[in-house]
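For reference, model-v7.txt is printed below; it contains compact mmCIF, C-alpha atoms and all ligand atoms.
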```txt
# COMPACT_ATOMS: atom_id res chain seq x y z
CA MET A 34 0.00 0.00 0.00
CA TYR A 35 1.26 3.51 -0.85
CA ASP A 36 1.93 4.98 2.59
CA LYS A 37 0.82 8.63 2.66
CA LYS A 38 1.79 9.56 6.20
CA LEU A 39 5.22 10.32 7.54
CA LYS A 40 5.95 8.67 10.90
CA ILE A 41 8.26 10.41 13.38
CA ALA A 42 9.47 8.80 16.62
CA ILE A 43 10.30 11.07 19.56
CA GLN A 44 11.08 10.40 23.23
CA LYS A 45 7.90 9.92 25.27
CA SER A 46 9.18 11.50 28.47
CA GLY A 47 12.68 12.48 29.47
CA ARG A 48 15.37 14.95 28.65
CA LEU A 49 14.64 15.17 24.90
CA SER A 50 10.86 15.06 24.90
CA LYS A 51 10.08 18.72 25.64
CA ASP A 52 12.58 20.05 23.07
CA SER A 53 11.44 17.51 20.43
CA ARG A 54 7.81 18.61 20.84
CA LYS A 55 8.89 22.25 20.79
CA LEU A 56 10.77 21.67 17.54
CA LEU A 57 7.65 20.21 15.88
CA HIS A 58 5.59 23.13 17.21
CA ASN A 59 8.10 25.72 15.93
CA CYS A 60 7.95 24.07 12.50
CA ASP A 61 4.15 24.57 12.59
CA ILE A 62 3.52 20.84 12.82
CA LYS A 63 0.50 20.87 15.12
CA VAL A 64 0.17 17.67 17.13
CA ASN A 65 -2.50 17.00 19.71
CA PHE A 66 -0.40 14.94 22.17
CA GLN A 67 -2.47 12.75 24.44
CA LYS A 68 -1.07 11.24 27.62
CA ASN A 69 -0.25 7.52 27.42
CA LYS A 70 -1.03 7.30 23.70
CA LEU A 71 1.67 5.67 21.59
CA ILE A 72 0.70 7.51 18.39
CA SER A 73 -0.53 11.11 18.09
CA PHE A 74 -1.69 12.65 14.82
CA SER A 75 -0.83 15.99 13.31
CA GLU A 76 -3.84 18.17 12.63
CA ASN A 77 -2.34 20.11 9.73
CA MET A 78 0.29 17.83 8.12
CA PRO A 79 0.26 14.19 6.99
CA ILE A 80 2.43 13.22 9.97
CA ASP A 81 2.01 10.71 12.83
CA VAL A 82 4.20 11.07 15.92
CA MET A 83 5.14 7.97 17.89
CA CYS A 84 6.15 8.62 21.54
CA VAL A 85 8.53 5.91 22.77
CA ARG A 86 11.60 5.31 24.97
CA ASP A 87 14.67 6.92 23.47
CA ASP A 88 16.54 3.59 23.32
CA ASP A 89 13.93 2.25 20.86
CA ILE A 90 14.18 5.15 18.40
CA PRO A 91 17.30 4.13 16.38
CA GLY A 92 15.96 0.57 15.93
CA LEU A 93 12.51 1.82 14.85
CA VAL A 94 14.17 3.97 12.16
CA ILE A 95 16.74 1.38 11.04
CA ASP A 96 14.03 -1.30 10.81
CA GLY A 97 11.81 1.04 8.76
CA ILE A 98 8.92 1.06 11.25
CA VAL A 99 9.08 4.86 11.39
CA ASP A 100 10.58 7.25 8.81
CA LEU A 101 12.23 9.79 11.11
CA GLY A 102 13.48 9.79 14.68
CA ILE A 103 14.78 12.45 17.07
CA VAL A 104 17.38 10.89 19.34
CA GLY A 105 20.71 11.53 21.10
CA ARG A 106 23.82 10.59 19.10
CA ASN A 107 24.97 8.56 22.15
CA VAL A 108 21.94 6.25 21.93
CA LEU A 109 22.21 6.07 18.13
CA GLU A 110 25.93 5.20 18.17
CA GLU A 111 25.41 2.49 20.82
CA GLU A 112 22.61 0.84 18.81
CA VAL A 113 24.61 1.03 15.55
CA LEU A 114 27.69 -0.55 17.17
CA LYS A 115 25.52 -3.26 18.76
CA ARG A 116 23.97 -4.11 15.39
CA LYS A 117 27.36 -4.06 13.65
CA PHE A 118 28.68 -6.47 16.29
CA LYS A 119 25.78 -8.80 15.46
CA LEU A 120 26.61 -8.36 11.75
CA GLU A 121 23.14 -6.92 11.06
CA LYS A 122 22.41 -4.72 8.04
CA ILE A 123 22.16 -1.04 8.99
CA SER A 124 20.56 1.65 6.89
CA PHE A 125 19.95 5.15 8.20
CA LYS A 126 21.07 8.73 7.64
CA ILE A 127 21.65 11.65 10.04
CA LEU A 128 19.65 14.48 8.44
CA LYS A 129 20.35 17.21 10.96
CA HIS A 130 22.29 17.79 14.15
CA LEU A 131 20.15 19.69 16.65
CA ASP A 132 21.06 22.22 19.32
CA PHE A 133 19.57 20.44 22.34
CA GLY A 134 20.36 17.34 24.42
CA ILE A 135 23.98 18.45 24.53
CA CYS A 136 26.09 16.15 26.72
CA ARG A 137 29.15 13.90 26.66
CA LEU A 138 30.06 10.35 27.59
CA SER A 139 32.97 10.46 29.99
CA ILE A 140 35.03 8.30 32.31
CA GLY A 141 34.55 9.17 35.97
CA LEU A 142 36.80 8.15 38.85
CA PRO A 143 36.58 8.72 42.63
CA THR A 144 37.83 12.25 43.38
CA GLU A 145 40.74 10.95 45.48
CA LYS A 146 41.98 8.50 42.81
CA LYS A 147 44.94 9.77 40.78
CA TYR A 148 44.52 9.87 37.00
CA TYR A 149 47.68 9.97 34.88
CA GLY A 150 46.35 9.11 31.42
CA ILE A 151 44.00 6.61 29.83
CA ASN A 152 46.43 3.68 30.35
CA CYS A 153 45.94 3.85 34.12
CA LEU A 154 42.41 2.51 33.52
CA ASN A 155 43.83 -0.79 32.20
CA GLY A 156 42.17 -3.81 33.84
CA LEU A 157 39.61 -1.79 35.86
CA ARG A 158 35.96 -2.75 36.22
CA ILE A 159 33.90 -0.03 34.54
CA ALA A 160 30.16 0.48 35.02
CA THR A 161 28.18 1.81 32.05
CA SER A 162 24.97 1.70 30.01
CA TYR A 163 27.07 2.18 26.86
CA PRO A 164 29.30 -0.94 26.59
CA TYR A 165 29.73 -0.85 22.80
CA ILE A 166 30.98 2.76 22.67
CA LEU A 167 33.32 2.05 25.58
CA LYS A 168 34.60 -1.16 23.99
CA LYS A 169 35.22 0.55 20.64
CA TYR A 170 37.31 3.28 22.28
CA PHE A 171 39.26 0.94 24.58
CA ASN A 172 39.97 -1.52 21.76
CA LYS A 173 41.37 1.35 19.69
CA LYS A 174 43.64 2.29 22.59
CA ASN A 175 44.55 -1.35 23.26
CA ILE A 176 43.28 -1.19 26.82
CA SER A 177 41.39 -4.01 28.53
CA PHE A 178 38.59 -3.56 31.06
CA LYS A 179 35.96 -5.58 32.90
CA LEU A 180 32.40 -4.58 32.09
CA CYS A 181 29.69 -3.87 34.64
CA LYS A 182 26.57 -3.24 32.52
CA LEU A 183 23.95 -1.14 34.28
CA ASN A 184 20.81 0.41 32.80
CA GLY A 185 20.65 3.24 35.33
CA SER A 186 22.16 4.67 38.53
CA VAL A 187 25.62 4.28 37.02
CA GLU A 188 27.03 7.11 39.16
CA VAL A 189 26.49 5.12 42.40
CA ALA A 190 28.20 1.95 41.08
CA ILE A 191 31.58 2.75 42.64
CA ARG A 192 30.13 3.56 46.07
CA ALA A 193 28.09 0.36 45.88
CA GLY A 194 31.29 -1.64 45.28
CA LEU A 195 30.24 -2.72 41.78
CA ALA A 196 32.97 -0.97 39.81
CA ASP A 197 36.27 0.98 40.00
CA ALA A 198 35.27 3.57 37.39
CA ILE A 199 32.17 4.67 35.49
CA PHE A 200 31.49 5.63 31.88
CA ASP A 201 28.37 7.78 31.84
CA LEU A 202 26.60 10.81 30.41
CA VAL A 203 27.68 14.17 31.78
CA SER A 204 26.09 17.53 31.19
CA THR A 205 26.89 20.06 33.95
CA GLY A 206 28.99 17.54 35.92
CA GLU A 207 26.99 18.13 39.12
CA ALA A 208 25.87 14.49 39.38
CA LEU A 209 29.51 13.36 39.31
CA VAL A 210 30.58 15.83 41.99
CA SER A 211 27.65 15.02 44.27
CA ASN A 212 28.64 11.34 44.09
CA GLY A 213 32.29 12.02 44.99
CA LEU A 214 33.50 11.54 41.41
CA LYS A 215 35.57 13.51 38.89
CA GLU A 216 35.43 13.53 35.09
CA VAL A 217 38.82 12.36 33.78
CA LYS A 218 38.29 11.68 30.07
CA ILE A 219 35.64 12.67 27.51
CA ILE A 220 35.16 9.85 25.00
CA HIS A 221 32.07 10.83 23.00
CA ASN A 222 30.31 14.18 22.47
CA SER A 223 26.60 14.10 21.85
CA SER A 224 23.50 16.12 21.07
CA ALA A 225 20.12 15.28 19.64
CA CYS A 226 19.83 14.62 15.91
CA ILE A 227 17.20 13.72 13.33
CA ILE A 228 17.69 10.41 11.61
CA SER A 229 15.86 8.88 8.67
CA ASN A 230 15.57 5.53 7.00
CA ASP A 231 16.18 6.77 3.49
CA SER A 232 15.98 3.39 1.80
CA ASN A 233 12.28 3.19 2.66
CA LEU A 234 10.96 6.58 1.54
CA ASN A 235 8.60 7.34 -1.31
CA LEU A 236 8.67 10.71 -3.09
CA PHE A 237 5.69 12.00 -1.10
CA LYS A 238 7.50 11.38 2.20
CA LYS A 239 10.76 12.80 0.85
CA ASN A 240 8.95 16.05 0.05
CA ILE A 241 7.50 16.32 3.57
CA ILE A 242 10.96 15.66 5.03
CA ASN A 243 12.49 18.40 2.85
CA THR A 244 9.86 20.87 4.09
CA PHE A 245 10.46 19.80 7.70
CA ILE A 246 14.25 20.15 7.44
CA SER A 247 14.00 23.52 5.69
CA ARG A 248 11.70 24.74 8.48
CA ILE A 249 14.12 23.44 11.14
CA ASN A 250 16.97 25.32 9.45
CA GLY A 251 14.80 28.45 9.55
CA VAL A 252 13.95 27.94 13.23
CA ILE A 253 17.60 27.40 14.20
CA LYS A 254 18.83 30.37 12.14
CA ALA A 255 16.10 32.57 13.59
CA ARG A 256 16.96 31.49 17.14
CA GLU A 257 20.62 32.38 16.62
CA SER A 258 19.86 35.69 14.93
CA LYS A 259 18.73 39.09 16.17
CA TYR A 260 16.96 41.96 14.45
CA ILE A 261 18.60 45.28 15.28
CA VAL A 262 17.04 48.69 14.76
CA MET A 263 18.70 52.03 15.50
CA HIS A 264 18.95 55.66 14.42
CA ILE A 265 22.40 56.93 13.40
CA SER A 266 24.15 59.56 11.32
CA SER A 267 24.46 58.31 7.71
CA SER A 268 28.25 58.92 7.86
CA LYS A 269 28.53 56.22 10.57
CA VAL A 270 26.60 53.44 8.78
CA ASN A 271 29.76 51.64 7.57
CA SER A 272 31.32 51.63 11.03
CA ILE A 273 28.10 50.15 12.37
CA ILE A 274 28.03 47.36 9.76
CA ASN A 275 31.65 46.46 10.59
CA LEU A 276 30.59 45.77 14.16
CA PHE A 277 28.37 42.89 13.03
CA SER A 278 30.32 40.15 11.33
CA GLY A 279 28.10 37.95 9.17
CA CYS A 280 25.19 40.37 9.06
CA THR A 281 23.03 40.58 5.94
CA LYS A 282 22.87 43.86 3.98
CA PRO A 283 21.23 46.45 6.19
CA THR A 284 18.01 48.21 5.26
CA ILE A 285 18.39 51.98 5.56
CA TYR A 286 15.55 54.50 5.79
CA LYS A 287 16.03 58.26 5.63
CA LEU A 288 14.45 59.98 8.59
CA LYS A 289 12.22 62.97 7.91
CA PHE A 290 13.13 65.19 10.90
CA LEU A 291 16.50 66.18 9.42
CA GLU A 292 18.98 68.44 11.15
CA LYS A 293 22.45 69.37 9.82
CA ASP A 294 23.62 65.77 10.17
CA GLU A 295 21.57 63.37 8.03
CA MET A 296 20.05 60.75 10.33
CA VAL A 297 18.94 57.36 9.06
CA ALA A 298 17.18 54.35 10.58
CA VAL A 299 19.26 51.17 10.13
CA HIS A 300 17.71 47.68 10.30
CA ILE A 301 20.19 44.78 10.47
CA VAL A 302 19.82 41.01 10.87
CA SER A 303 22.76 39.75 12.91
CA ARG A 304 23.66 36.05 12.91
CA GLU A 305 24.95 36.27 16.46
CA SER A 306 23.64 37.16 19.87
CA ILE A 307 24.21 40.78 20.76
CA PHE A 308 26.03 41.46 24.01
CA TRP A 309 26.04 44.63 26.07
CA ASP A 310 29.56 45.61 24.90
CA THR A 311 28.29 45.76 21.27
CA MET A 312 25.35 47.92 22.41
CA GLU A 313 27.80 50.22 24.20
CA LYS A 314 29.99 50.49 21.07
CA LEU A 315 26.88 51.41 19.04
CA LYS A 316 26.11 54.14 21.53
CA GLU A 317 29.71 55.44 21.36
CA LEU A 318 29.29 55.73 17.55
CA GLY A 319 26.25 57.93 18.14
CA ALA A 320 23.46 55.40 17.63
CA LYS A 321 20.16 56.26 19.31
CA SER A 322 16.94 54.33 20.02
CA ILE A 323 18.74 50.98 19.75
CA LEU A 324 16.42 47.98 19.76
CA ILE A 325 17.48 44.31 19.70
CA LEU A 326 14.57 42.05 18.79
CA PRO A 327 14.20 38.26 18.62
CA ILE A 328 13.33 36.74 15.24
CA GLU A 329 10.63 34.08 15.14
CA LYS A 330 11.07 32.54 11.68
CA MET A 331 13.49 32.94 8.75
CA LEU A 332 13.29 31.62 5.20
CA GLU A 333 16.01 32.47 2.69
O1 LIG A 401 12.87 6.62 29.48
P1 LIG A 401 13.89 6.79 28.40
O2 LIG A 401 14.68 5.53 28.12
O3 LIG A 401 13.29 7.38 27.15
O4 LIG A 401 14.89 7.92 28.92
P2 LIG A 401 16.33 7.80 29.61
O5 LIG A 401 16.14 7.85 31.07
O6 LIG A 401 17.14 6.66 29.03
O7 LIG A 401 17.03 9.10 29.05
P3 LIG A 401 17.02 10.62 29.56
O8 LIG A 401 15.69 11.23 29.38
O9 LIG A 401 17.67 10.74 30.92
O10 LIG A 401 18.05 11.24 28.51
C1 LIG A 401 17.75 11.24 27.14
C2 LIG A 401 18.95 11.77 26.38
O11 LIG A 401 19.22 13.12 26.80
C3 LIG A 401 20.26 11.07 26.59
O12 LIG A 401 20.38 9.85 25.87
C4 LIG A 401 21.25 12.12 26.11
O13 LIG A 401 21.32 12.09 24.70
C5 LIG A 401 20.58 13.43 26.53
N1 LIG A 401 21.17 14.05 27.76
C6 LIG A 401 21.61 15.35 27.82
C7 LIG A 401 21.38 13.51 28.98
C8 LIG A 401 21.95 14.49 29.79
N2 LIG A 401 22.09 15.64 29.05
C9 LIG A 401 22.26 14.20 31.17
N3 LIG A 401 22.77 15.06 31.89
N4 LIG A 401 21.10 12.28 29.48
C10 LIG A 401 21.37 12.01 30.77
N5 LIG A 401 21.95 12.93 31.62
C11 LIG A 401 22.15 12.50 33.06
C12 LIG A 401 23.61 12.36 33.52
O14 LIG A 401 24.08 11.06 33.24
C13 LIG A 401 23.45 12.54 35.04
O15 LIG A 401 23.07 11.34 35.66
O16 LIG A 401 21.63 13.51 33.89
C14 LIG A 401 22.28 13.51 35.17
C15 LIG A 401 22.67 14.93 35.50
O17 LIG A 401 23.75 15.33 34.71
P4 LIG A 401 24.73 16.52 35.11
O18 LIG A 401 26.07 16.24 34.48
O19 LIG A 401 24.11 17.78 34.57
O20 LIG A 401 24.78 16.57 36.61
ZN ZN A 402 16.67 5.46 27.57
```

Can the structure from this file be put into structure tokens for me?
Amino acid sequence: MYDKKLKIAIQKSGRLSKDSRKLLHNCDIKVNFQKNKLISFSENMPIDVMCVRDDDIPGLVIDGIVDLGIVGRNVLEEEVLKRKFKLEKISFKILKHLDFGICRLSIGLPTEKKYYGINCLNGLRIATSYPYILKKYFNKKNISFKLCKLNGSVEVAIRAGLADAIFDLVSTGEALVSNGLKEVKIIHNSSACIISNDSNLNLFKKNIINTFISRINGVIKARESKYIVMHISSSKVNSIINLFSGCTKPTIYKLKFLEKDEMVAVHIVSRESIFWDTMEKLKELGAKSILILPIEKMLE
């Protein structure tokens, strides 16, 4: 049967779920999420959203059960390595790296334990939920270790006498510190990404995906950009533009209430956040009525 609905898998509840839903919302994909329902339908696009555990998302995409998935690269990499180890066929594509779910997989040791390089971990028992990523890295470095596979509470494994070291996700590092641990080596950097099973897509679905990705690009660009409005003497316009690297061509309006010095209104889209020191430099150049505004959407 010709499948006319795109299926997207996102995390049901957890660290990626709020941002994944927000991303769909910002791309104007309206979904009426209902508690405890596996599948929710979009009201305005031919899209179904499947809410599942994050660990299931790579497999659902690779096996072609859904077309797209939003998942952390850590979970994706672990599933891919596991399937490669079992000599299974893997087909998927990372369509877009996203700017949320940012974290890293690191080795943690008790604070008092001395660390003098990766070789000092040789032969230790290491607790982790990510054995395949750990094994890949240690094999490359020719280091052996004993595995303690845990699906949660990894940071208490040392205190519980289960392991000598841990290999776990770190974001701020507070969880490590509060468990008497220190981060000694980052092995894998991660953030959320969108993956697709491109071997399974008809033209109709490909078109919806292209629209979705183009909207995501617009959302991300808009989030990183600022709209700046100010009044300034026309002789200072070039100095102003030089302050904003990567800004698009400014729009300049002549102001009617002219005095000796010709004043203009300058509108600029800056690709970067604007800090107070830039505002102060603008003021030093004589700019008045400076406004920095957020941009909601951008399509170029
Ligand atoms: O139920 P389900 O299986 O779907 O969820 P889960 O419990 O397996 O995952 P969840 O929701 O905890 O995390 C989902 C994804 O978010 C992870 O796979 C990562 O891609 C990403 N992510 C980003 C993180 C963190 N930051 C993070 N800090 N995942 C986990 N943590 C843990 C960390 O290990 C520590 O225990 O959060 C705790 C606090 O971290 P610190 O360093 O900020 O103190
Ligand atoms: Zn999980």

Give me the residues within 10 Å of Val297 in chain A as a CSV table (one decimal) with C-alpha atoms, in the coordinates of the input, counting all atoms listed in the file and dropping any in the same chain fewer than 2 places off.
```csv
chain,number,residue,atom,x,y,z
A,263,MET,CA,18.7,52.0,15.5
A,264,HIS,CA,19.0,55.7,14.4
A,265,ILE,CA,22.4,56.9,13.4
A,266,SER,CA,24.2,59.6,11.3
A,267,SER,CA,24.5,58.3,7.7
A,268,SER,CA,28.2,58.9,7.9
A,269,LYS,CA,28.5,56.2,10.6
A,270,VAL,CA,26.6,53.4,8.8
A,284,THR,CA,18.0,48.2,5.3
A,285,ILE,CA,18.4,52.0,5.6
A,286,TYR,CA,15.6,54.5,5.8
A,287,LYS,CA,16.0,58.3,5.6
A,288,LEU,CA,14.4,60.0,8.6
A,289,LYS,CA,12.2,63.0,7.9
A,290,PHE,CA,13.1,65.2,10.9
A,291,LEU,CA,16.5,66.2,9.4
A,294,ASP,CA,23.6,65.8,10.2
A,295,GLU,CA,21.6,63.4,8.0
A,299,VAL,CA,19.3,51.2,10.1
A,300,HIS,CA,17.7,47.7,10.3
A,320,ALA,CA,23.5,55.4,17.6
```

Using all atoms listed in the file, which residues have at least one atom no more than 6 Å from ligand ZN 402 (chain A)? Output them as a count of residues only. 3

Mind listing as a PyMOL selection string all residues within 12 Å of (7.1, 22.5, 16.2), counting all atoms listed in the file? chain A and resi 51-65+75+77-78+82+245-246+248-249+251-253+330

Within 7 Å of ligand LIG 401 (chain A), counting only C-alpha atoms and all ligand atoms: which residues, as an NGL selection string? :A and (44-49 or 85-88 or 104-108 or 134-136 or 188 or 201-209 or 223-225)

Ranking A:Ile323, A:Asp100, A:Tyr170, A:Ala160 by minimum distance to Lys182 in chain A and counting only C-alpha atoms, which one comes first? A:Ala160

Taken to one decimal, the CA of Ala198 in chain A-CA of Arg137 in chain A distance is 16.1 Å

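Of the listed residues A:Val113, A:Ile241, A:Ile307, A:Val189, the one whose atoms come nearest to Ile41 in chain A is A:Ile241, with distances taken using all atoms listed in the file.
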
If we count all atoms listed in the file, what is near Val94 in chain A at a cut-off of 12 Å, once residues fewer than 4 positions away on the same chain are taken out, given as a count of residues only? 33

Using all atoms listed in the file, determine which residues lie at most 10 Å from Phe200 in chain A, disregarding the query and same-chain residues fewer than 3 positions distant; provide the list as a CSV table (one decimal) with C-alpha atoms, in the frame of the given file.
```
chain,number,residue,atom,x,y,z
A,138,LEU,CA,30.1,10.4,27.6
A,139,SER,CA,33.0,10.5,30.0
A,140,ILE,CA,35.0,8.3,32.3
A,141,GLY,CA,34.6,9.2,36.0
A,142,LEU,CA,36.8,8.2,38.8
A,159,ILE,CA,33.9,0.0,34.5
A,160,ALA,CA,30.2,0.5,35.0
A,161,THR,CA,28.2,1.8,32.0
A,162,SER,CA,25.0,1.7,30.0
A,163,TYR,CA,27.1,2.2,26.9
A,164,PRO,CA,29.3,-0.9,26.6
A,166,ILE,CA,31.0,2.8,22.7
A,167,LEU,CA,33.3,2.0,25.6
A,187,VAL,CA,25.6,4.3,37.0
A,188,GLU,CA,27.0,7.1,39.2
A,203,VAL,CA,27.7,14.2,31.8
A,216,GLU,CA,35.4,13.5,35.1
A,218,LYS,CA,38.3,11.7,30.1
A,219,ILE,CA,35.6,12.7,27.5
A,220,ILE,CA,35.2,9.8,25.0
```

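Every protein or nucleic acid residue with an atom no more than 8 Å from Leu318 in chain A, counting only C-alpha atoms and leaving out same-chain residues fewer than 4 positions away, appears here: Lys269, Ser272, Ile273 and Lys314 of chain A.
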
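Using all atoms listed in the file, the shortest contact distance between Leu131 in chain A and any of A:Asn222, A:Tyr165, A:Asn250, A:Ile80 is found at A:Asn250.
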
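For the pair CA of Ser303 in chain A and CA of Glu257 in chain A, the separation is 8.5 Å.
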
From the list A:Lys70, A:Lys238, A:Lys316, A:Lys254, the nearest residue to Leu332 in chain A using all atoms listed in the file is A:Lys254

First collect every listed atom of range 304-312 of chain A; then fit an axis-aligned box around them, widen it by 6 Å on each side, and give centre and edge lengths in Å to one decimal, as AutoDock Vina command-line options.
```
--center_x 26.6 --center_y 42.0 --center_z 19.5 --size_x 17.9 --size_y 23.9 --size_z 25.2
```

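CA of Cys226 in chain A sits 29.1 Å away from CA of Leu214 in chain A.
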